[in-house]
file my_file25.cif (mmCIF, C-alpha atoms)
data_model
#
loop_
_atom_site.label_atom_id
_atom_site.label_comp_id
_atom_site.auth_asym_id
_atom_site.auth_seq_id
_atom_site.Cartn_x
_atom_site.Cartn_y
_atom_site.Cartn_z
CA MET A 16 7.66 -37.72 0.98
CA THR A 17 4.15 -36.81 2.12
CA PRO A 18 3.50 -33.17 3.07
CA HIS A 19 2.86 -32.82 6.79
CA GLU A 20 -0.01 -30.82 8.14
CA GLY A 21 0.75 -27.15 8.59
CA ILE A 22 0.13 -23.77 7.06
CA LEU A 23 2.83 -21.92 5.19
CA ILE A 24 2.60 -18.13 4.82
CA VAL A 25 4.79 -16.65 2.10
CA GLY A 26 5.62 -13.09 3.07
CA GLY A 27 6.59 -11.59 6.41
CA SER A 28 4.40 -8.62 5.62
CA ALA A 29 1.64 -6.96 7.61
CA ALA A 30 -0.79 -9.18 5.72
CA GLY A 31 1.23 -12.35 6.32
CA LEU A 32 1.67 -11.81 10.05
CA SER A 33 -1.96 -10.74 10.43
CA ALA A 34 -3.02 -13.93 8.64
CA ALA A 35 -0.96 -15.90 11.16
CA ASP A 36 -2.72 -14.06 13.98
CA GLY A 37 -6.08 -14.81 12.37
CA LEU A 38 -5.25 -18.51 12.21
CA ARG A 39 -4.50 -18.63 15.92
CA GLU A 40 -7.46 -16.42 16.80
CA GLY A 41 -9.68 -18.76 14.81
CA GLY A 42 -8.45 -21.76 16.75
CA TYR A 43 -5.98 -23.34 14.34
CA GLN A 44 -3.60 -25.50 16.38
CA GLY A 45 -1.18 -26.81 13.74
CA PRO A 46 2.23 -25.50 12.67
CA VAL A 47 2.33 -22.00 11.16
CA THR A 48 5.49 -20.92 9.34
CA VAL A 49 6.07 -17.45 7.89
CA LEU A 50 8.74 -16.90 5.24
CA ASN A 51 10.17 -13.38 5.32
CA GLU A 52 12.23 -12.33 2.30
CA GLU A 53 14.13 -9.55 4.09
CA THR A 54 16.84 -10.57 6.53
CA ARG A 55 15.61 -7.84 8.87
CA ALA A 56 12.67 -8.76 11.11
CA PRO A 57 9.32 -7.52 9.73
CA TYR A 58 8.86 -3.82 10.53
CA ASP A 59 6.30 -1.02 10.36
CA ARG A 60 6.56 -0.04 6.70
CA PRO A 61 4.53 3.23 6.61
CA THR A 62 7.17 4.95 8.73
CA VAL A 63 9.60 4.58 5.81
CA SER A 64 7.91 7.51 4.03
CA LYS A 65 6.57 9.18 7.17
CA GLY A 66 8.26 9.57 10.54
CA LEU A 67 11.64 7.99 9.69
CA LEU A 68 12.33 9.95 6.50
CA VAL A 69 14.32 12.68 8.21
CA GLY A 70 16.10 12.93 11.55
CA GLU A 71 19.42 12.54 13.27
CA GLY A 72 21.22 9.23 13.64
CA ALA A 73 20.19 5.85 12.30
CA PRO A 74 16.44 5.28 11.80
CA GLU A 75 14.84 3.03 14.41
CA PHE A 76 12.37 0.64 12.82
CA MET A 77 9.52 -0.74 14.90
CA ASP A 78 9.17 -4.53 14.70
CA LEU A 79 5.73 -5.76 13.72
CA ARG A 80 5.97 -8.72 16.11
CA SER A 81 8.26 -9.23 19.05
CA THR A 82 10.13 -12.48 19.49
CA GLU A 83 8.11 -13.07 22.65
CA ARG A 84 4.78 -12.72 20.85
CA LEU A 85 5.84 -15.10 18.10
CA GLU A 86 6.87 -17.64 20.72
CA GLU A 87 3.62 -17.21 22.67
CA THR A 88 1.53 -17.85 19.56
CA ASN A 89 3.85 -20.62 18.34
CA ILE A 90 4.49 -18.96 14.97
CA THR A 91 7.78 -19.77 13.25
CA LEU A 92 9.37 -16.83 11.41
CA ARG A 93 12.10 -17.66 8.88
CA SER A 94 13.77 -14.45 7.71
CA GLY A 95 15.98 -14.30 4.62
CA GLU A 96 13.81 -16.94 2.91
CA THR A 97 12.49 -16.39 -0.61
CA ALA A 98 10.04 -18.55 -2.52
CA VAL A 99 10.94 -19.34 -6.13
CA GLY A 100 8.33 -21.92 -7.09
CA LEU A 101 5.11 -23.64 -6.08
CA ASP A 102 4.01 -27.22 -6.78
CA ILE A 103 0.25 -27.30 -6.25
CA ASP A 104 -0.08 -31.01 -7.05
CA ARG A 105 2.40 -32.30 -4.48
CA HIS A 106 1.90 -29.40 -2.05
CA TYR A 107 5.50 -28.22 -2.00
CA LEU A 108 6.98 -24.74 -2.05
CA ILE A 109 10.54 -24.36 -3.32
CA THR A 110 12.83 -21.80 -1.67
CA MET A 111 15.77 -19.98 -3.23
CA ASN A 112 18.04 -22.58 -1.60
CA GLY A 113 16.23 -25.41 -3.37
CA GLU A 114 14.52 -26.57 -0.19
CA PRO A 115 11.09 -28.18 -0.73
CA MET A 116 8.71 -27.06 1.99
CA PRO A 117 5.48 -29.07 2.36
CA TRP A 118 2.18 -27.44 3.21
CA GLU A 119 -1.39 -28.30 4.06
CA SER A 120 -2.58 -24.83 3.07
CA ILE A 121 -0.61 -21.86 1.82
CA ILE A 122 -1.27 -18.13 2.14
CA ILE A 123 0.40 -15.92 -0.44
CA ALA A 124 1.25 -12.57 1.16
CA THR A 125 4.28 -11.53 -0.86
CA GLY A 126 3.06 -7.96 -1.27
CA ALA A 127 4.39 -5.68 -3.97
CA ARG A 128 7.62 -4.04 -5.03
CA ALA A 129 8.20 -0.50 -6.19
CA ARG A 130 8.33 0.11 -9.91
CA THR A 131 11.45 1.90 -11.00
CA ILE A 132 12.99 3.57 -14.04
CA ARG A 133 16.42 2.89 -15.47
CA THR A 134 18.89 5.44 -16.71
CA THR A 135 20.09 5.29 -20.29
CA ASP A 136 23.03 3.29 -18.93
CA GLY A 137 20.66 0.68 -17.52
CA LYS A 138 21.01 1.58 -13.84
CA PRO A 139 17.81 1.36 -11.77
CA LEU A 140 16.94 4.61 -10.05
CA PRO A 141 16.32 4.75 -6.29
CA VAL A 142 12.85 4.02 -4.87
CA LEU A 143 11.47 4.15 -1.34
CA ARG A 144 9.83 0.90 -0.28
CA THR A 145 12.10 -0.89 2.18
CA ALA A 146 14.30 -0.13 5.15
CA SER A 147 17.36 -0.46 2.91
CA ASP A 148 15.88 2.10 0.51
CA LEU A 149 15.36 4.54 3.38
CA ILE A 150 18.87 4.11 4.76
CA ALA A 151 20.37 4.74 1.30
CA LEU A 152 18.21 7.85 0.75
CA ARG A 153 19.07 9.35 4.13
CA ALA A 154 22.78 8.79 3.44
CA ALA A 155 22.52 10.51 0.04
CA LEU A 156 20.69 13.47 1.60
CA THR A 157 23.62 14.12 3.92
CA VAL A 158 25.63 14.95 0.80
CA HIS A 159 23.03 16.45 -1.53
CA ARG A 160 20.27 18.84 -0.52
CA ARG A 161 18.27 18.86 -3.74
CA ILE A 162 16.15 16.05 -5.15
CA ALA A 163 13.79 15.35 -8.06
CA LEU A 164 10.80 13.14 -7.30
CA VAL A 165 9.34 11.33 -10.30
CA GLY A 166 5.68 10.66 -9.56
CA ALA A 167 3.16 12.62 -7.50
CA GLY A 168 1.40 9.75 -5.75
CA PHE A 169 0.88 9.77 -2.00
CA ILE A 170 4.33 8.35 -1.31
CA GLY A 171 5.92 11.03 -3.47
CA LEU A 172 3.89 13.76 -1.79
CA GLU A 173 4.75 12.49 1.69
CA VAL A 174 8.43 12.46 0.77
CA ALA A 175 8.13 15.97 -0.70
CA SER A 176 6.52 17.20 2.52
CA GLY A 177 9.10 15.67 4.83
CA LEU A 178 12.11 16.79 2.80
CA ALA A 179 10.82 20.30 2.12
CA GLU A 180 10.25 20.85 5.83
CA SER A 181 13.84 19.74 6.51
CA GLY A 182 15.26 22.29 4.06
CA VAL A 183 15.80 20.09 0.99
CA ILE A 184 14.99 21.69 -2.38
CA VAL A 185 12.33 19.45 -3.93
CA ASP A 186 11.07 19.22 -7.52
CA VAL A 187 8.12 16.92 -8.24
CA PHE A 188 7.46 15.75 -11.81
CA ASP A 189 4.30 13.96 -12.89
CA ASN A 190 2.57 13.24 -16.20
CA LYS A 191 -0.80 14.21 -14.73
CA ARG A 192 -1.97 17.83 -14.61
CA LEU A 193 -2.70 17.70 -10.88
CA PRO A 194 -1.43 15.24 -8.24
CA LEU A 195 -3.81 12.34 -7.56
CA GLU A 196 -6.59 13.94 -9.60
CA ALA A 197 -8.05 10.56 -10.62
CA LEU A 198 -8.19 9.45 -6.99
CA ILE A 199 -9.53 12.56 -5.25
CA GLY A 200 -10.94 14.78 -8.01
CA PRO A 201 -9.69 18.08 -9.43
CA GLU A 202 -10.80 20.38 -6.60
CA ILE A 203 -8.96 18.51 -3.84
CA ALA A 204 -6.03 17.75 -6.16
CA GLY A 205 -5.70 21.48 -6.80
CA PHE A 206 -5.64 22.06 -3.06
CA LEU A 207 -2.77 19.58 -2.67
CA GLN A 208 -0.88 21.21 -5.53
CA GLU A 209 -1.16 24.63 -3.89
CA LEU A 210 -0.32 23.19 -0.46
CA HIS A 211 3.01 21.85 -1.68
CA ALA A 212 3.82 24.95 -3.71
CA SER A 213 3.16 27.11 -0.63
CA HIS A 214 5.84 25.12 1.22
CA GLY A 215 8.43 25.70 -1.47
CA VAL A 216 8.05 22.48 -3.48
CA ASN A 217 8.43 22.99 -7.23
CA MET A 218 5.46 21.14 -8.73
CA HIS A 219 5.76 20.18 -12.43
CA GLY A 220 2.55 18.63 -13.78
CA ASP A 221 1.45 17.47 -17.19
CA ILE A 222 5.02 16.63 -18.18
CA THR A 223 6.28 13.33 -19.60
CA LEU A 224 9.69 11.92 -18.75
CA SER A 225 11.47 10.44 -21.77
CA ALA A 226 14.92 9.55 -20.38
CA ILE A 227 17.31 10.01 -17.47
CA THR A 228 21.05 10.25 -17.93
CA GLY A 229 23.94 10.48 -15.50
CA ASP A 230 24.39 9.16 -11.99
CA GLU A 231 24.13 10.37 -8.39
CA GLY A 232 25.34 13.93 -8.15
CA GLU A 233 24.75 14.73 -11.83
CA TYR A 234 21.46 13.32 -13.08
CA VAL A 235 19.69 14.95 -16.01
CA LEU A 236 15.97 14.37 -16.57
CA HIS A 237 14.88 14.68 -20.20
CA PHE A 238 11.25 15.37 -21.10
CA SER A 239 9.19 14.80 -24.22
CA ASP A 240 8.76 18.54 -24.83
CA GLY A 241 12.53 18.91 -25.23
CA SER A 242 13.17 20.43 -21.80
CA SER A 243 15.55 19.00 -19.20
CA HIS A 244 16.28 19.27 -15.49
CA GLN A 245 19.58 18.76 -13.66
CA THR A 246 19.57 17.35 -10.14
CA PRO A 247 21.99 15.48 -7.84
CA LEU A 248 19.35 13.04 -6.57
CA VAL A 249 16.34 11.27 -8.07
CA LEU A 250 13.67 9.23 -6.31
CA VAL A 251 11.06 7.32 -8.30
CA GLY A 252 7.52 6.95 -6.97
CA ILE A 253 5.40 5.59 -9.82
CA GLY A 254 3.52 2.86 -8.02
CA VAL A 255 4.14 -0.80 -7.29
CA GLU A 256 3.72 -4.18 -8.94
CA PRO A 257 2.77 -7.44 -7.22
CA ASN A 258 5.43 -9.99 -6.32
CA VAL A 259 4.06 -12.92 -8.31
CA ASP A 260 6.98 -13.90 -10.58
CA TRP A 261 7.55 -17.06 -8.55
CA LEU A 262 3.96 -18.17 -9.27
CA VAL A 263 4.13 -18.00 -13.07
CA ASN A 264 3.13 -21.41 -14.52
CA SER A 265 2.22 -22.68 -11.05
CA GLY A 266 -1.47 -23.05 -11.88
CA VAL A 267 -2.49 -20.20 -9.58
CA GLU A 268 -4.49 -17.65 -11.57
CA LEU A 269 -2.68 -14.32 -11.96
CA SER A 270 -3.98 -10.99 -13.26
CA ASP A 271 -2.16 -7.98 -11.83
CA GLY A 272 -1.76 -10.02 -8.69
CA VAL A 273 -3.14 -13.28 -7.36
CA VAL A 274 -6.81 -13.55 -8.31
CA THR A 275 -9.04 -14.32 -5.32
CA ASP A 276 -12.71 -14.38 -4.43
CA GLU A 277 -14.26 -12.34 -1.63
CA PHE A 278 -13.08 -14.92 0.93
CA GLY A 279 -9.40 -14.88 -0.08
CA ARG A 280 -9.46 -18.19 -1.99
CA THR A 281 -7.60 -18.61 -5.26
CA ASN A 282 -8.60 -20.97 -8.08
CA VAL A 283 -6.47 -23.70 -6.44
CA ALA A 284 -7.78 -25.58 -3.41
CA ASN A 285 -5.96 -24.71 -0.16
CA VAL A 286 -4.15 -21.79 -1.77
CA TRP A 287 -5.14 -18.35 -0.47
CA ALA A 288 -3.84 -14.80 -0.87
CA ALA A 289 -3.96 -11.68 1.30
CA GLY A 290 -2.88 -8.06 1.24
CA ASP A 291 -1.27 -6.07 -1.58
CA VAL A 292 -0.73 -9.12 -3.75
CA ALA A 293 -4.39 -10.19 -3.84
CA ALA A 294 -6.64 -9.02 -6.68
CA LEU A 295 -9.90 -9.50 -4.82
CA GLU A 296 -13.61 -9.16 -5.26
CA HIS A 297 -15.02 -6.37 -3.11
CA PRO A 298 -18.38 -4.56 -3.13
CA LEU A 299 -16.70 -1.13 -3.28
CA LEU A 300 -14.45 -2.05 -6.21
CA GLU A 301 -15.78 -1.97 -9.78
CA SER A 302 -13.78 -5.05 -10.70
CA ARG A 303 -11.24 -7.38 -9.11
CA SER A 304 -8.48 -5.08 -7.89
CA ARG A 305 -5.55 -4.93 -5.55
CA VAL A 306 -5.68 -2.57 -2.58
CA GLU A 307 -2.21 -1.26 -1.75
CA HIS A 308 -2.80 0.11 1.73
CA TRP A 309 -1.35 -0.82 5.11
CA THR A 310 -4.63 -1.05 6.99
CA HIS A 311 -6.14 -3.21 4.25
CA ALA A 312 -3.19 -5.62 4.51
CA ILE A 313 -3.74 -6.05 8.24
CA GLU A 314 -7.52 -6.45 8.09
CA HIS A 315 -7.56 -8.62 4.96
CA GLY A 316 -4.78 -10.85 6.27
CA ARG A 317 -6.64 -11.42 9.53
CA ARG A 318 -9.88 -12.26 7.71
CA VAL A 319 -8.15 -14.81 5.47
CA GLY A 320 -6.56 -16.45 8.50
CA LEU A 321 -9.92 -16.61 10.28
CA ASN A 322 -11.63 -18.07 7.21
CA ILE A 323 -9.08 -20.88 6.97
CA ALA A 324 -9.11 -21.66 10.69
CA ARG A 325 -12.87 -21.63 11.17
CA GLY A 326 -13.96 -23.02 7.83
CA ASP A 327 -16.98 -20.70 8.08
CA LEU A 328 -16.25 -18.36 5.20
CA VAL A 329 -16.98 -14.67 5.75
CA PRO A 330 -16.50 -12.25 2.83
CA PHE A 331 -14.11 -9.36 3.25
CA THR A 332 -16.15 -6.15 2.90
CA THR A 333 -14.13 -3.65 4.95
CA PRO A 334 -13.77 -0.39 2.96
CA PRO A 335 -10.27 0.36 1.65
CA TYR A 336 -8.62 2.94 3.91
CA PHE A 337 -5.40 4.93 3.95
CA TRP A 338 -4.03 8.02 5.62
CA SER A 339 -1.30 10.42 4.58
CA ASP A 340 0.71 12.88 6.69
CA GLN A 341 1.76 16.10 4.96
CA TYR A 342 2.86 19.38 6.56
CA GLY A 343 1.31 18.51 9.89
CA MET A 344 -2.02 17.58 8.31
CA ARG A 345 -3.44 14.07 8.23
CA PHE A 346 -5.59 13.15 5.25
CA HIS A 347 -7.97 10.17 5.48
CA SER A 348 -9.59 8.19 2.69
CA TYR A 349 -12.25 5.46 2.81
CA GLY A 350 -13.59 3.57 -0.18
CA ARG A 351 -12.56 4.47 -3.70
CA ARG A 352 -13.64 7.35 -5.94
CA ARG A 353 -14.78 6.41 -9.46
CA PRO A 354 -14.20 8.58 -12.56
CA GLU A 355 -17.87 9.49 -12.96
CA ASP A 356 -18.43 10.32 -9.30
CA ASP A 357 -19.86 13.57 -8.02
CA VAL A 358 -18.21 15.21 -5.02
CA VAL A 359 -20.17 16.73 -2.15
CA PHE A 360 -18.43 18.66 0.62
CA VAL A 361 -20.53 17.95 3.70
CA LYS A 362 -18.09 19.82 5.93
CA GLY A 363 -15.79 22.69 5.01
CA SER A 364 -14.03 22.99 1.67
CA PRO A 365 -10.45 22.90 0.35
CA SER A 366 -10.37 26.71 0.45
CA GLN A 367 -10.96 26.45 4.21
CA GLU A 368 -8.23 23.77 4.56
CA ASN A 369 -10.36 21.39 6.67
CA PHE A 370 -13.01 19.50 4.72
CA LEU A 371 -14.94 16.26 4.41
CA ALA A 372 -15.78 15.23 0.85
CA LEU A 373 -18.03 12.37 -0.23
CA PHE A 374 -17.86 10.60 -3.62
CA GLY A 375 -20.73 8.86 -5.34
CA SER A 376 -22.81 8.47 -8.49
CA HIS A 377 -25.96 6.71 -9.74
CA GLY A 378 -27.25 6.78 -6.17
CA GLU A 379 -24.26 4.78 -4.86
CA PHE A 380 -21.91 5.95 -2.11
CA HIS A 381 -18.35 5.05 -3.10
CA GLY A 382 -15.95 6.81 -0.74
CA LEU A 383 -14.73 9.87 1.14
CA PHE A 384 -11.65 12.01 1.60
CA SER A 385 -11.02 14.35 4.49
CA ASN A 386 -8.64 16.68 6.22
CA GLY A 387 -9.81 17.03 9.81
CA TYR A 388 -13.22 15.87 11.05
CA GLU A 389 -11.75 12.57 12.25
CA GLN A 390 -14.62 12.17 14.71
CA LEU A 391 -17.05 11.83 11.78
CA LEU A 392 -15.18 9.15 9.84
CA ARG A 393 -16.34 6.06 11.72
CA PRO A 394 -20.07 6.59 10.94
CA TYR A 395 -19.28 7.06 7.26
CA ARG A 396 -17.21 3.89 7.25
CA LYS A 397 -20.26 2.05 8.57
CA LEU A 398 -22.40 3.59 5.82
CA LEU A 399 -19.94 2.33 3.21
CA GLU A 400 -19.87 -1.14 4.75
CA ARG A 401 -23.63 -1.58 4.58
CA GLY A 402 -23.97 -0.12 1.10
CA ALA A 403 -25.83 3.05 2.04
CA SER A 404 -27.05 5.27 -0.79
CA PHE A 405 -25.25 8.46 -1.75
CA ASP A 406 -28.27 10.53 -0.69
CA GLU A 407 -28.22 8.94 2.76
CA ALA A 408 -24.50 9.63 3.12
CA CYS A 409 -24.88 13.25 2.02
CA THR A 410 -27.69 13.89 4.48
CA HIS A 411 -26.17 11.88 7.34
CA ILE A 412 -24.83 14.88 9.27
CA THR A 413 -27.96 17.00 8.94
CA ALA A 414 -30.15 14.03 9.89
CA ARG A 415 -28.40 13.52 13.22
#
call {"tool": "encode", "arguments": {"input": "my_file25.cif", "output": "structure tokens"}}
result
Amino acid sequence: MTPHEGILIVGGSAAGLSAADGLREGGYQGPVTVLNEETRAPYDRPTVSKGLLVGEGAPEFMDLRSTERLEETNITLRSGETAVGLDIDRHYLITMNGEPMPWESIIIATGARARTIRTTDGKPLPVLRTASDLIALRAALTVHRRIALVGAGFIGLEVASGLAESGVIVDVFDNKRLPLEALIGPEIAGFLQELHASHGVNMHGDITLSAITGDEGEYVLHFSDGSSHQTPLVLVGIGVEPNVDWLVNSGVELSDGVVTDEFGRTNVANVWAAGDVAALEHPLLESRSRVEHWTHAIEHGRRVGLNIARGDLVPFTTPPYFWSDQYGMRFHSYGRRRPEDDVVFVKGSPSQENFLALFGSHGEFHGLFSNGYEQLLRPYRKLLERGASFDEACTHITAR
């Protein structure tokens, strides 16, 4: 059997669907098929930890693509389909049902899954990544009104904010002294710590979890200092890991994700990767890294699709971006802070609540973090994109 012409996208994610859009936008006329692991149609994932976390009735998920749009663009979506293997020599993908699917080119957009922790009895603890996770958490919260969050990343902090405002007693445990200190620096991290504490969240930093016993309704968290904490509910938010198990021994280079160049190409001809799963080269990243943000998935996926369709390769240089909603505030981040970076507050300060902070070192501008001042973010994004110096970024406002 000879593989027919067509492009296969593995992952009905934001990156996968955006790659399909990029293919059509770039003029690709052949068949495009998207495999979606979940049986549910692809949906807006950020709302899982934001707007849909609390509320009455069943959560209403927003579809990423309507049936009409898929039909208009002639994109075939196959939900409930999981890839289990890839044959790069014969150009076949193998599904969980044993079906060999031929491809001309393939885009890997399988994203990432939440890391979890198991109890001493071997049971995986709840996480919040998918629609099913959200439905299960909301059901548990109708019974129990206290929860322990393990991990003070942005997902954990968003959950803490939403639940605390709805009257749930929230304890957050993290092995770092301050939440997100490595990402945003100690001054802003301290602001976030105080923000959550002021809304009744019990913040426990610089504490190491050693074991969890029990089950829903009677969990006990055990810590390395000998202390313990009883709670009816636990939610783990300790990051994600790329969905690449199905690619092991395929010949596609893997290193904390699928290794790609700045165009989205892997080491195998006609095999590409986009979104969370791609460990890519980027001018604002010190080394090949994955970017685990929604906006990145959309923009990177589109660029990969365009590169395949047009054959005129354009590097992906858009700065990493994310936003986070907490207690009615919206935080924005562009680029990526490095450990040695200085911080300059060009507007406001954490003590004033609204602020715009820039990160950079050795004359290089690496990123920003803000609360408020949304009207100023677009110019700074442009400065990041063109590799402006840190001095230019710091004097940008006063020079206008």
call {"tool": "resolve_selection", "arguments": {"input": "my_file25.cif", "expression": "the PyMOL selection byres ((chain A and resi 215) around 9)", "output": "PyMOL selection string"}}
result
chain A and resi 179-180+184-185+211-214+216-217
call {"tool": "write_last_selection", "arguments": {"input": "my_file25.cif", "atoms": "C-alpha atoms", "output": "PDB file, keeping the file's coordinate frame"}}
result
ATOM      1  CA  ALA A 179      10.820  20.300   2.120  1.00  0.00           C
ATOM      2  CA  GLU A 180      10.250  20.850   5.830  1.00  0.00           C
ATOM      3  CA  ILE A 184      14.990  21.690  -2.380  1.00  0.00           C
ATOM      4  CA  VAL A 185      12.330  19.450  -3.930  1.00  0.00           C
ATOM      5  CA  HIS A 211       3.010  21.850  -1.680  1.00  0.00           C
ATOM      6  CA  ALA A 212       3.820  24.950  -3.710  1.00  0.00           C
ATOM      7  CA  SER A 213       3.160  27.110  -0.630  1.00  0.00           C
ATOM      8  CA  HIS A 214       5.840  25.120   1.220  1.00  0.00           C
ATOM      9  CA  VAL A 216       8.050  22.480  -3.480  1.00  0.00           C
ATOM     10  CA  ASN A 217       8.430  22.990  -7.230  1.00  0.00           C
TER      11      ASN A 217
END
call {"tool": "closest_residue", "arguments": {"input": "my_file25.cif", "among": "A:Leu224, A:Leu149, A:Ile162, A:Leu207", "to": "Lys65 of chain A", "atoms": "only C-alpha atoms"}}
result
A:Leu149
call {"tool": "resolve_selection", "arguments": {"input": "my_file25.cif", "expression": "the PyMOL selection byres ((chain A and resi 133) around 12)", "output": "ChimeraX atom specification"}}
result
/A:130-132,134-142,224-230,234,236,249-251
call {"tool": "residues_near_point", "arguments": {"input": "my_file25.cif", "point": "(-27.0, 13.1, 4.1)", "cutoff": "12 Å", "atoms": "only C-alpha atoms", "output": "ChimeraX atom specification"}}
result
/A:359-362,372-373,380,394-395,398,403-415
call {"tool": "resolve_selection", "arguments": {"input": "my_file25.cif", "expression": "the PyMOL selection byres ((chain A and resi 165) around 6)", "output": "number ranges by chain"}}
result
A: 164, 166, 188, 251-252
call {"tool": "axis_aligned_box", "arguments": {"input": "my_file25.cif", "around": "segment 221-229 of chain A", "padding_each_side": "8 Å", "output": "lines of an AutoDock Vina configuration file"}}
result
center_x = 12.7
center_y = 13.5
center_z = -18.6
size_x = 38.5
size_y = 23.9
size_z = 22.3
call {"tool": "residues_around", "arguments": {"input": "my_file25.cif", "residues": "Arg303 of chain A", "least_positions_apart": "6", "cutoff": "8 Å", "atoms": "only C-alpha atoms", "output": "ChimeraX atom specification"}}
result
/A:274,294-297
call {"tool": "atom_distance", "arguments": {"input": "my_file25.cif", "atom1": "atom CA of Pro201 of chain A", "atom2": "atom CA of Gly363 of chain A"}}
result
16.3 Å
call {"tool": "atom_distance", "arguments": {"input": "my_file25.cif", "atom1": "atom CA of Gly113 of chain A", "atom2": "atom CA of Asp260 of chain A"}}
result
16.4 Å
call {"tool": "closest_residue", "arguments": {"input": "my_file25.cif", "among": "A:Ile24, A:Leu371, A:Val358, A:Leu262", "to": "Pro117 of chain A", "atoms": "all atoms listed in the file"}}
result
A:Ile24
call {"tool": "residues_around", "arguments": {"input": "my_file25.cif", "residues": "Arg80 of chain A", "least_positions_apart": "6", "cutoff": "10 Å", "atoms": "all atoms listed in the file", "output": "MDAnalysis selection string"}}
result
chainID A and resid 29 32:33 56:59 92
call {"tool": "residues_around", "arguments": {"input": "my_file25.cif", "residues": "Arg351 of chain A", "least_positions_apart": "4", "cutoff": "9 Å", "atoms": "all atoms listed in the file", "output": "list in words"}}
result
Leu198, Ile199, Leu299, Leu300, Pro334, Pro335, Tyr336, Phe374, His381, Gly382 and Leu383 of chain A
call {"tool": "closest_residue", "arguments": {"input": "my_file25.cif", "among": "A:Asp104, A:Glu119, A:Asp36, A:Glu314", "to": "Arg84 of chain A", "atoms": "only C-alpha atoms"}}
result
A:Asp36
call {"tool": "atom_distance", "arguments": {"input": "my_file25.cif", "atom1": "atom CA of Leu328 of chain A", "atom2": "atom CA of Tyr349 of chain A"}}
result
24.3 Å
call {"tool": "closest_residue", "arguments": {"input": "my_file25.cif", "among": "A:Glu301, A:Glu209, A:Glu173, A:Glu379", "to": "Asp340 of chain A", "atoms": "only C-alpha atoms"}}
result
A:Glu173
call {"tool": "decode", "arguments": {"input": "my_file25.cif", "residues": "segment 87-91 of chain A", "atoms": "all heavy atoms", "output": "PDB file, in the first residue's frame"}}
result
ATOM      1  N   GLU A  87     -16.387  23.958   5.959  1.00  0.00           N
ATOM      2  CA  GLU A  87     -16.023  25.010   5.005  1.00  0.00           C
ATOM      3  C   GLU A  87     -14.557  24.922   4.591  1.00  0.00           C
ATOM      4  O   GLU A  87     -14.204  25.183   3.433  1.00  0.00           O
ATOM      5  CB  GLU A  87     -16.299  26.381   5.623  1.00  0.00           C
ATOM      6  CG  GLU A  87     -17.771  26.731   5.747  1.00  0.00           C
ATOM      7  CD  GLU A  87     -17.991  27.995   6.551  1.00  0.00           C
ATOM      8  OE1 GLU A  87     -16.980  28.614   6.980  1.00  0.00           O
ATOM      9  OE2 GLU A  87     -19.162  28.365   6.777  1.00  0.00           O
ATOM     10  N   THR A  88     -13.707  24.558   5.548  1.00  0.00           N
ATOM     11  CA  THR A  88     -12.270  24.482   5.259  1.00  0.00           C
ATOM     12  C   THR A  88     -11.839  23.075   4.850  1.00  0.00           C
ATOM     13  O   THR A  88     -10.653  22.837   4.618  1.00  0.00           O
ATOM     14  CB  THR A  88     -11.462  24.935   6.488  1.00  0.00           C
ATOM     15  OG1 THR A  88     -11.889  24.203   7.648  1.00  0.00           O
ATOM     16  CG2 THR A  88     -11.655  26.425   6.739  1.00  0.00           C
ATOM     17  N   ASN A  89     -12.808  22.159   4.778  1.00  0.00           N
ATOM     18  CA  ASN A  89     -12.534  20.783   4.358  1.00  0.00           C
ATOM     19  C   ASN A  89     -11.460  20.132   5.236  1.00  0.00           C
ATOM     20  O   ASN A  89     -10.501  19.536   4.740  1.00  0.00           O
ATOM     21  CB  ASN A  89     -12.116  20.735   2.887  1.00  0.00           C
ATOM     22  CG  ASN A  89     -12.161  19.328   2.319  1.00  0.00           C
ATOM     23  OD1 ASN A  89     -12.888  18.470   2.823  1.00  0.00           O
ATOM     24  ND2 ASN A  89     -11.377  19.077   1.288  1.00  0.00           N
ATOM     25  N   ILE A  90     -11.645  20.260   6.551  1.00  0.00           N
ATOM     26  CA  ILE A  90     -10.759  19.624   7.532  1.00  0.00           C
ATOM     27  C   ILE A  90     -11.527  18.499   8.213  1.00  0.00           C
ATOM     28  O   ILE A  90     -12.624  18.710   8.737  1.00  0.00           O
ATOM     29  CB  ILE A  90     -10.252  20.647   8.570  1.00  0.00           C
ATOM     30  CG1 ILE A  90      -9.361  21.691   7.882  1.00  0.00           C
ATOM     31  CG2 ILE A  90      -9.499  19.951   9.702  1.00  0.00           C
ATOM     32  CD1 ILE A  90      -9.015  22.864   8.757  1.00  0.00           C
ATOM     33  N   THR A  91     -10.960  17.302   8.190  1.00  0.00           N
ATOM     34  CA  THR A  91     -11.605  16.139   8.793  1.00  0.00           C
ATOM     35  C   THR A  91     -11.138  15.987  10.233  1.00  0.00           C
ATOM     36  O   THR A  91      -9.940  15.855  10.499  1.00  0.00           O
ATOM     37  CB  THR A  91     -11.270  14.864   8.015  1.00  0.00           C
ATOM     38  OG1 THR A  91     -11.714  15.003   6.660  1.00  0.00           O
ATOM     39  CG2 THR A  91     -11.943  13.647   8.642  1.00  0.00           C
TER      40      THR A  91
END
